[in-house]
>>> print(open('start22.cif').read())   # mmCIF, C-alpha atoms
data_target
loop_
_atom_site.label_atom_id
_atom_site.label_comp_id
_atom_site.auth_asym_id
_atom_site.auth_seq_id
_atom_site.Cartn_x
_atom_site.Cartn_y
_atom_site.Cartn_z
CA MET A 3 -1.75 8.41 19.83
CA ARG A 4 -0.98 12.05 19.04
CA THR A 5 -1.68 14.55 16.30
CA GLU A 6 0.94 16.91 14.95
CA ASP A 7 1.68 19.08 11.95
CA GLY A 8 4.22 17.40 9.70
CA MET A 9 5.47 19.97 7.22
CA ARG A 10 9.14 19.89 8.27
CA ASP A 11 10.35 16.86 10.13
CA GLY A 12 13.12 15.33 8.06
CA HIS A 13 11.22 12.30 6.75
CA ASP A 14 11.96 11.47 3.14
CA LEU A 15 8.41 10.95 1.89
CA ARG A 16 9.64 10.10 -1.60
CA HIS A 17 11.77 7.15 -0.50
CA HIS A 18 10.25 3.82 -1.49
CA GLY A 19 11.37 0.21 -1.32
CA ASP A 20 12.52 0.10 -4.93
CA ALA A 21 15.43 2.37 -3.98
CA GLU A 22 16.93 -0.60 -2.10
CA VAL A 23 17.15 -2.76 -5.24
CA ARG A 24 18.28 -0.25 -7.86
CA ASP A 25 21.82 0.08 -9.15
CA ASP A 26 24.15 -1.84 -6.81
CA GLY A 27 21.12 -3.52 -5.19
CA ALA A 28 19.82 -5.11 -8.37
CA ALA A 29 21.46 -8.46 -7.63
CA LEU A 30 20.17 -8.67 -4.06
CA VAL A 31 17.38 -10.96 -2.86
CA ASP A 32 14.48 -8.51 -2.65
CA LEU A 33 12.61 -8.24 0.65
CA ALA A 34 12.30 -4.46 0.26
CA VAL A 35 9.53 -4.24 -2.37
CA ASN A 36 6.02 -5.48 -1.63
CA VAL A 37 5.26 -6.74 -5.14
CA ARG A 38 4.48 -10.48 -5.08
CA ALA A 39 7.41 -12.55 -6.35
CA GLY A 40 7.08 -14.68 -9.49
CA THR A 41 4.64 -12.33 -11.18
CA PRO A 42 3.03 -11.47 -13.53
CA PRO A 43 1.81 -15.00 -14.32
CA VAL A 44 2.13 -16.33 -17.86
CA TRP A 45 -1.57 -16.01 -18.68
CA LEU A 46 -1.50 -12.32 -17.69
CA ARG A 47 1.64 -11.61 -19.70
CA GLU A 48 -0.08 -13.18 -22.70
CA ARG A 49 -3.17 -10.99 -22.27
CA ILE A 50 -1.02 -7.89 -22.04
CA ALA A 51 1.06 -8.92 -25.05
CA ALA A 52 -2.07 -9.49 -27.11
CA SER A 53 -3.09 -5.86 -26.52
CA LEU A 54 0.05 -4.60 -28.29
CA THR A 55 -1.59 -5.07 -31.68
CA SER A 56 -3.95 -2.21 -30.72
CA LEU A 57 -1.32 0.38 -29.87
CA ALA A 58 -2.05 2.48 -32.95
CA ALA A 59 -5.45 3.36 -31.50
CA TYR A 60 -6.06 5.63 -28.55
CA PRO A 61 -6.82 3.75 -25.31
CA ASP A 62 -10.50 2.94 -24.73
CA GLY A 63 -11.11 2.24 -21.07
CA ARG A 64 -14.83 1.48 -21.20
CA ALA A 65 -14.56 -2.32 -21.08
CA ALA A 66 -12.00 -2.31 -18.28
CA ARG A 67 -14.00 0.23 -16.30
CA ALA A 68 -17.13 -1.86 -16.65
CA ALA A 69 -15.24 -4.98 -15.59
CA VAL A 70 -13.92 -3.30 -12.43
CA ALA A 71 -17.39 -1.96 -11.65
CA ALA A 72 -18.91 -5.43 -12.03
CA ARG A 73 -16.21 -6.95 -9.83
CA HIS A 74 -17.31 -4.67 -6.97
CA GLY A 75 -21.03 -4.62 -7.79
CA LEU A 76 -21.01 -0.92 -8.65
CA PRO A 77 -22.22 1.23 -11.56
CA VAL A 78 -19.44 2.46 -13.83
CA GLU A 79 -20.03 6.03 -12.65
CA ARG A 80 -18.45 5.01 -9.34
CA VAL A 81 -15.18 3.79 -10.90
CA LEU A 82 -12.13 5.66 -12.15
CA LEU A 83 -9.16 3.84 -13.66
CA THR A 84 -5.80 5.37 -12.81
CA ALA A 85 -2.12 4.95 -13.63
CA GLY A 86 -1.57 3.09 -10.37
CA ALA A 87 -2.98 4.09 -7.00
CA ALA A 88 -0.26 6.75 -6.76
CA GLU A 89 -1.95 8.78 -9.52
CA ALA A 90 -5.17 8.73 -7.53
CA PHE A 91 -3.42 10.40 -4.59
CA VAL A 92 -2.26 13.21 -6.87
CA LEU A 93 -5.76 13.62 -8.32
CA LEU A 94 -7.32 13.79 -4.86
CA ALA A 95 -4.78 16.38 -3.73
CA ARG A 96 -5.30 18.57 -6.80
CA ALA A 97 -9.01 18.19 -7.52
CA LEU A 98 -10.70 18.29 -4.12
CA LYS A 99 -11.17 21.59 -2.31
CA VAL A 100 -10.19 20.69 1.23
CA ARG A 101 -9.06 22.90 4.10
CA ARG A 102 -7.64 20.49 6.68
CA PRO A 103 -6.32 17.19 5.34
CA VAL A 104 -5.16 14.60 7.87
CA VAL A 105 -3.04 11.55 7.12
CA VAL A 106 -2.92 8.65 9.56
CA HIS A 107 0.67 7.42 10.00
CA PRO A 108 2.76 5.30 9.83
CA GLN A 109 1.53 4.54 6.35
CA PHE A 110 2.45 4.84 2.68
CA THR A 111 3.96 8.31 2.36
CA GLU A 112 2.84 9.22 -1.16
CA PRO A 113 -0.59 10.60 -0.09
CA GLU A 114 1.02 13.18 2.16
CA ALA A 115 3.67 14.00 -0.43
CA ALA A 116 0.97 14.60 -3.05
CA LEU A 117 -1.02 16.82 -0.69
CA ARG A 118 2.07 18.85 0.17
CA ASP A 119 2.96 19.23 -3.51
CA ALA A 120 -0.54 20.59 -4.15
CA GLY A 121 0.01 23.29 -1.54
CA HIS A 122 -1.86 21.79 1.38
CA THR A 123 -0.78 21.96 5.00
CA VAL A 124 -1.03 18.37 6.24
CA ASP A 125 -1.79 17.30 9.79
CA ARG A 126 -0.85 13.85 11.04
CA VAL A 127 -2.33 11.35 13.41
CA LEU A 128 0.57 9.19 14.59
CA LEU A 129 -0.41 5.69 15.71
CA ARG A 130 1.65 4.38 18.59
CA GLU A 131 3.64 1.20 18.95
CA GLU A 132 2.23 0.62 22.44
CA ASP A 133 -1.27 0.52 20.90
CA GLY A 134 -0.18 -1.97 18.25
CA PHE A 135 -0.42 0.85 15.66
CA ARG A 136 -4.20 0.42 15.78
CA LEU A 137 -6.61 3.26 15.06
CA ASP A 138 -8.53 5.20 17.68
CA PRO A 139 -11.07 7.21 15.63
CA SER A 140 -11.34 9.81 18.39
CA ALA A 141 -7.75 10.88 17.67
CA VAL A 142 -8.78 12.25 14.26
CA PRO A 143 -9.75 15.93 14.59
CA GLU A 144 -13.42 16.63 13.96
CA SER A 145 -12.37 19.57 11.78
CA ALA A 146 -10.54 17.29 9.31
CA ASP A 147 -12.33 17.38 5.95
CA LEU A 148 -10.02 14.83 4.30
CA VAL A 149 -8.69 11.76 6.12
CA VAL A 150 -6.32 9.22 4.56
CA ILE A 151 -5.65 5.78 6.03
CA GLY A 152 -4.28 2.50 4.65
CA ASN A 153 -5.89 -0.89 5.23
CA PRO A 154 -4.06 -3.16 5.65
CA THR A 155 -1.56 -0.45 6.47
CA ASN A 156 1.85 -0.22 4.87
CA PRO A 157 4.30 -0.62 6.66
CA THR A 158 2.71 -1.84 9.92
CA SER A 159 0.72 -4.72 8.33
CA VAL A 160 -2.19 -3.84 10.64
CA LEU A 161 -5.67 -4.65 9.35
CA HIS A 162 -8.13 -2.19 10.88
CA PRO A 163 -11.78 -3.24 11.33
CA ALA A 164 -13.96 -1.89 8.54
CA ALA A 165 -16.44 -0.59 11.10
CA THR A 166 -13.71 1.39 12.87
CA ILE A 167 -12.60 3.05 9.64
CA ALA A 168 -16.19 3.70 8.55
CA GLY A 169 -16.64 5.45 11.89
CA LEU A 170 -14.33 8.19 10.60
CA ALA A 171 -16.91 9.20 7.97
CA ARG A 172 -18.70 12.54 8.28
CA PRO A 173 -21.15 14.29 5.92
CA ASP A 174 -18.59 17.01 5.05
CA ARG A 175 -15.49 14.82 5.03
CA VAL A 176 -13.73 12.81 2.33
CA LEU A 177 -12.52 9.50 3.76
CA VAL A 178 -9.77 7.94 1.63
CA VAL A 179 -8.96 4.30 2.33
CA ASP A 180 -5.92 2.90 0.56
CA GLU A 181 -6.69 -0.80 0.01
CA ALA A 182 -3.69 -1.46 -2.21
CA PHE A 183 -2.92 -4.66 -0.29
CA MET A 184 -6.45 -5.80 0.53
CA ASP A 185 -6.42 -8.51 -2.14
CA ALA A 186 -3.50 -10.09 -0.24
CA VAL A 187 -5.83 -10.62 2.74
CA PRO A 188 -7.72 -13.94 2.58
CA GLY A 189 -11.37 -13.21 1.94
CA GLU A 190 -10.56 -9.48 1.80
CA ARG A 191 -11.75 -9.18 5.39
CA GLU A 192 -12.53 -5.63 6.47
CA ALA A 193 -12.70 -4.31 2.88
CA LEU A 194 -14.77 -1.22 2.20
CA ALA A 195 -14.52 -1.47 -1.60
CA GLY A 196 -18.03 -1.72 -3.02
CA ARG A 197 -19.69 0.04 -0.08
CA THR A 198 -22.04 2.89 -1.00
CA ASP A 199 -23.46 3.56 2.47
CA VAL A 200 -20.40 5.37 3.89
CA PRO A 201 -20.57 9.12 3.20
CA GLY A 202 -17.55 10.64 1.48
CA LEU A 203 -15.82 7.28 1.02
CA VAL A 204 -13.05 6.92 -1.55
CA VAL A 205 -11.44 3.49 -1.81
CA LEU A 206 -8.22 3.10 -3.76
CA ARG A 207 -7.06 -0.22 -5.17
CA SER A 208 -3.85 -1.24 -6.90
CA LEU A 209 -3.38 -4.13 -9.28
CA THR A 210 0.39 -3.78 -9.24
CA LYS A 211 1.19 -5.60 -5.98
CA THR A 212 -0.51 -8.98 -6.31
CA TRP A 213 0.01 -9.22 -10.07
CA GLY A 214 3.53 -7.82 -10.40
CA LEU A 215 2.56 -4.85 -12.59
CA ALA A 216 4.43 -2.00 -10.90
CA GLY A 217 6.04 -1.12 -14.23
CA LEU A 218 2.70 -1.01 -16.02
CA ARG A 219 0.92 1.35 -13.57
CA ILE A 220 -2.71 0.35 -13.11
CA GLY A 221 -5.12 0.94 -10.25
CA TYR A 222 -8.52 2.45 -9.63
CA ALA A 223 -10.64 4.62 -7.36
CA LEU A 224 -14.15 3.81 -6.12
CA SER A 225 -16.37 6.60 -4.86
CA SER A 226 -19.56 8.54 -5.45
CA PRO A 227 -20.29 9.64 -9.02
CA GLU A 228 -19.70 13.25 -7.96
CA VAL A 229 -16.20 12.63 -6.56
CA ILE A 230 -15.28 10.37 -9.49
CA ALA A 231 -16.33 13.12 -11.92
CA GLU A 232 -14.11 15.65 -10.08
CA LEU A 233 -11.13 13.32 -10.19
CA GLU A 234 -11.70 12.48 -13.85
CA ARG A 235 -11.69 16.17 -14.77
CA ALA A 236 -8.25 16.47 -13.18
CA GLN A 237 -6.81 13.57 -15.21
CA PRO A 238 -4.90 14.12 -18.44
CA LEU A 239 -6.33 12.64 -21.61
CA TRP A 240 -5.86 8.85 -21.98
CA PRO A 241 -4.13 8.42 -18.60
CA VAL A 242 -4.16 4.61 -18.67
CA SER A 243 -2.40 2.81 -21.51
CA THR A 244 -3.96 0.07 -23.63
CA PRO A 245 -1.78 -2.68 -22.09
CA ALA A 246 -2.71 -1.47 -18.60
CA LEU A 247 -6.40 -1.52 -19.53
CA ALA A 248 -6.03 -5.10 -20.77
CA ALA A 249 -4.42 -6.02 -17.46
CA ALA A 250 -7.19 -4.37 -15.46
CA GLU A 251 -9.86 -6.29 -17.31
CA ALA A 252 -8.00 -9.58 -16.91
CA CYS A 253 -7.22 -9.13 -13.22
CA VAL A 254 -10.85 -8.77 -12.15
CA GLU A 255 -12.13 -11.85 -13.98
CA PRO A 256 -13.33 -14.79 -11.82
CA ARG A 257 -10.25 -16.86 -12.67
CA ALA A 258 -7.95 -14.06 -11.54
CA LEU A 259 -9.89 -13.43 -8.34
CA ALA A 260 -9.64 -17.11 -7.46
CA GLU A 261 -5.91 -17.08 -8.13
CA ALA A 262 -5.49 -13.96 -5.99
CA GLU A 263 -7.35 -15.67 -3.13
CA ASP A 264 -5.07 -18.69 -3.40
CA ALA A 265 -2.06 -16.38 -3.35
CA ALA A 266 -3.41 -14.56 -0.28
CA ARG A 267 -3.73 -17.84 1.62
CA ARG A 268 -0.21 -18.86 0.59
CA ILE A 269 1.11 -15.47 1.71
CA ALA A 270 -0.56 -15.98 5.10
CA ARG A 271 1.26 -19.28 5.54
CA ASP A 272 4.58 -17.82 4.41
CA ARG A 273 4.10 -14.84 6.71
CA ALA A 274 3.45 -17.10 9.69
CA ARG A 275 6.72 -18.91 8.93
CA LEU A 276 8.62 -15.61 8.74
CA VAL A 277 7.10 -14.28 11.97
CA ALA A 278 7.90 -17.53 13.78
CA GLY A 279 11.50 -17.35 12.57
CA LEU A 280 11.82 -13.73 13.67
CA ALA A 281 10.46 -14.64 17.10
CA SER A 282 13.56 -16.76 17.68
CA PHE A 283 15.58 -13.53 17.71
CA ALA A 284 13.58 -12.04 20.59
CA PRO A 285 16.56 -12.44 22.97
CA ALA A 286 18.48 -10.12 20.65
CA GLY A 287 15.74 -7.49 20.97
CA VAL A 288 13.88 -8.24 17.72
CA ARG A 289 10.14 -7.43 17.90
CA VAL A 290 7.49 -7.97 15.21
CA VAL A 291 4.29 -5.92 15.02
CA GLU A 292 1.48 -8.44 15.38
CA PRO A 293 -0.93 -9.54 14.23
CA ALA A 294 0.46 -8.93 10.74
CA GLU A 295 -2.13 -9.23 7.96
CA GLY A 296 -0.39 -7.89 4.85
CA PRO A 297 2.30 -9.36 2.56
CA PHE A 298 4.98 -7.72 4.72
CA VAL A 299 5.91 -7.36 8.39
CA LEU A 300 7.25 -4.47 10.42
CA VAL A 301 10.16 -5.31 12.71
CA ARG A 302 11.92 -3.36 15.43
CA MET A 303 15.47 -4.24 16.38
CA PRO A 304 18.55 -2.64 17.92
CA ARG A 305 21.03 -1.08 15.47
CA ALA A 306 18.61 -1.68 12.59
CA ALA A 307 20.49 0.62 10.22
CA ALA A 308 23.71 -1.33 10.74
CA VAL A 309 21.86 -4.64 10.41
CA ARG A 310 20.34 -3.47 7.13
CA ARG A 311 23.80 -2.66 5.77
CA ARG A 312 25.13 -6.04 6.86
CA LEU A 313 22.20 -7.79 5.24
CA ARG A 314 23.04 -6.03 1.97
CA ALA A 315 26.59 -7.36 2.22
CA LEU A 316 25.09 -10.82 2.74
CA GLY A 317 22.89 -10.48 -0.36
CA TYR A 318 19.52 -9.31 1.04
CA ALA A 319 17.68 -6.01 0.59
CA VAL A 320 15.17 -4.90 3.24
CA ARG A 321 13.20 -1.67 3.57
CA ARG A 322 14.39 0.96 6.03
CA GLY A 323 11.62 2.22 8.31
CA ASP A 324 12.81 5.67 9.30
CA THR A 325 11.29 7.37 6.25
CA PHE A 326 7.79 6.61 7.59
CA PRO A 327 6.44 9.30 9.93
CA GLY A 328 6.02 7.81 13.37
CA LEU A 329 8.93 5.39 12.99
CA GLY A 330 12.66 5.72 13.58
CA GLU A 331 15.94 4.12 12.61
CA GLU A 332 15.23 1.01 14.69
CA TRP A 333 12.52 -0.17 12.27
CA LEU A 334 12.70 -2.39 9.16
CA ARG A 335 9.96 -3.65 6.85
CA LEU A 336 10.31 -7.14 5.38
CA ALA A 337 8.35 -8.47 2.41
CA VAL A 338 6.90 -11.96 2.82
CA ARG A 339 8.56 -14.49 0.54
CA ASP A 340 8.53 -18.27 0.02
CA ARG A 341 9.95 -20.83 2.45
CA GLU A 342 13.36 -21.13 0.78
CA THR A 343 13.89 -17.37 0.62
CA THR A 344 12.77 -16.94 4.22
CA THR A 345 15.12 -19.68 5.43
CA GLY A 346 18.06 -18.02 3.71
CA PHE A 347 17.11 -14.61 5.01
CA LEU A 348 16.79 -15.77 8.61
CA ALA A 349 20.25 -17.32 8.43
CA ALA A 350 21.62 -14.03 7.07
CA LEU A 351 19.83 -12.09 9.80
CA ALA A 352 21.44 -14.28 12.46
CA THR A 353 24.84 -13.44 11.02
CA ALA A 354 24.01 -9.72 10.78
CA LEU A 355 22.78 -9.58 14.37
CA ASP A 356 25.87 -11.37 15.66
CA ALA A 357 28.28 -8.93 14.00
CA PRO A 358 30.06 -6.58 16.41
CA ALA A 359 28.64 -3.09 16.74
#
>>> encode(input="start22.cif", output="structure tokens")
Amino acid sequence: MRTEDGMRDGHDLRHHGDAEVRDDGAALVDLAVNVRAGTPPVWLRERIAASLTSLAAYPDGRAARAAVAARHGLPVERVLLTAGAAEAFVLLARALKVRRPVVVHPQFTEPEAALRDAGHTVDRVLLREEDGFRLDPSAVPESADLVVIGNPTNPTSVLHPAATIAGLARPDRVLVVDEAFMDAVPGEREALAGRTDVPGLVVLRSLTKTWGLAGLRIGYALSSPEVIAELERAQPLWPVSTPALAAAEACVEPRALAEAEDAARRIARDRARLVAGLASFAPAGVRVVEPAEGPFVLVRMPRAAAVRRRLRALGYAVRRGDTFPGLGEEWLRLAVRDRETTTGFLAALATALDAPA
């Protein structure tokens, strides 16, 4: 594990999986984007549609905020609704007065991009493949006053122990934990959302992944009342639309939480099937980062860039890995899909791997 400054290293921090399925990729089978397939469900679409009759009024987020607070057993003063988790990264970068922010990589690149855009010099802690991309808290500099880490981490699919992440907390440090994919983990093991005993903790959640609401933009931040007030002051007026507020309220109801848990268990089964299928390509040099705990897996293989292009020609889009700091061109990220999709993909991968260099 090593720490390095990452201001100029050639990584495209603004590249995301949706770039693989735009334009000429729109007809491809999508294993590049981590939004759950087949969503949003009908009942959620109906709740969102019902909110359209209220569009003449300005958005009122009080009910949704209270619902999110109740879901995590927190007072409303500890909750801020945002236009997706990505907005929260921008708010943190602009509102908090920090001197030495550190981002733990490989992980979602938007936090570092937002910090850079706000004028910060960003240090990195790069987790190593030989350590299973697992966190060693001692690698984080004591002087860091803002630390960002994902759990489970995108793209590695590593689920770090909550106690290990909480060990990064310091009295004068803001500890940001991106839990955008935690509701895809059965039982939300290792979650820190709802904790009030960890100093400086900020937990970010997204409702776009499990519920298929990437186009609606809805997420939230959980933290101390003081940090939430700072972030709220940095928000524009009415940052979350009325339909997004309706979705937030619906997605934290008991029925929705039960459905999300069922989906998480189904994803775990589908992921096991995908990982087992990928293991059959070990003789060709294919390696999966394990244990994988998110709705995606990170895979290393020879000539990955060429394989990705061949997969596109065969009708499948996968996420390139070289835009993540700490990874190179030999890495791909694959979204977990259902049995039929996985079977078709594995057949395509066999063809792509067999193609001449």
>>> closest_residue(input="start22.cif", among="A:Arg73, A:His162, A:Arg101, A:Arg311", to="Glu192 of chain A", atoms="all atoms listed in the file")
A:His162
>>> residues_around(input="start22.cif", residues="Ala315 of chain A", least_positions_apart="3", cutoff="10 Å", atoms="only C-alpha atoms", output="number ranges by chain")
A: 27, 30, 309-312, 318-319, 350, 354
>>> resolve_selection(input="start22.cif", expression="the PyMOL selection byres ((chain A and resi 173) around 8)", output="MDAnalysis selection string")
chainID A and resid 171:172 174:175 201:202
>>> closest_residue(input="start22.cif", among="A:Arg268, A:Arg16, A:Arg314, A:Arg64", to="Pro113 of chain A", atoms="only C-alpha atoms")
A:Arg16
>>> residues_around(input="start22.cif", residues="His17 of chain A", least_positions_apart="5", cutoff="12 Å", atoms="all atoms listed in the file", output="PyMOL selection string")
chain A and resi 12+22+34-35+110-112+115+321-327
>>> closest_residue(input="start22.cif", among="A:Ala249, A:Ala294, A:Val70, A:Ala274", to="Pro43 of chain A", atoms="all atoms listed in the file")
A:Ala249
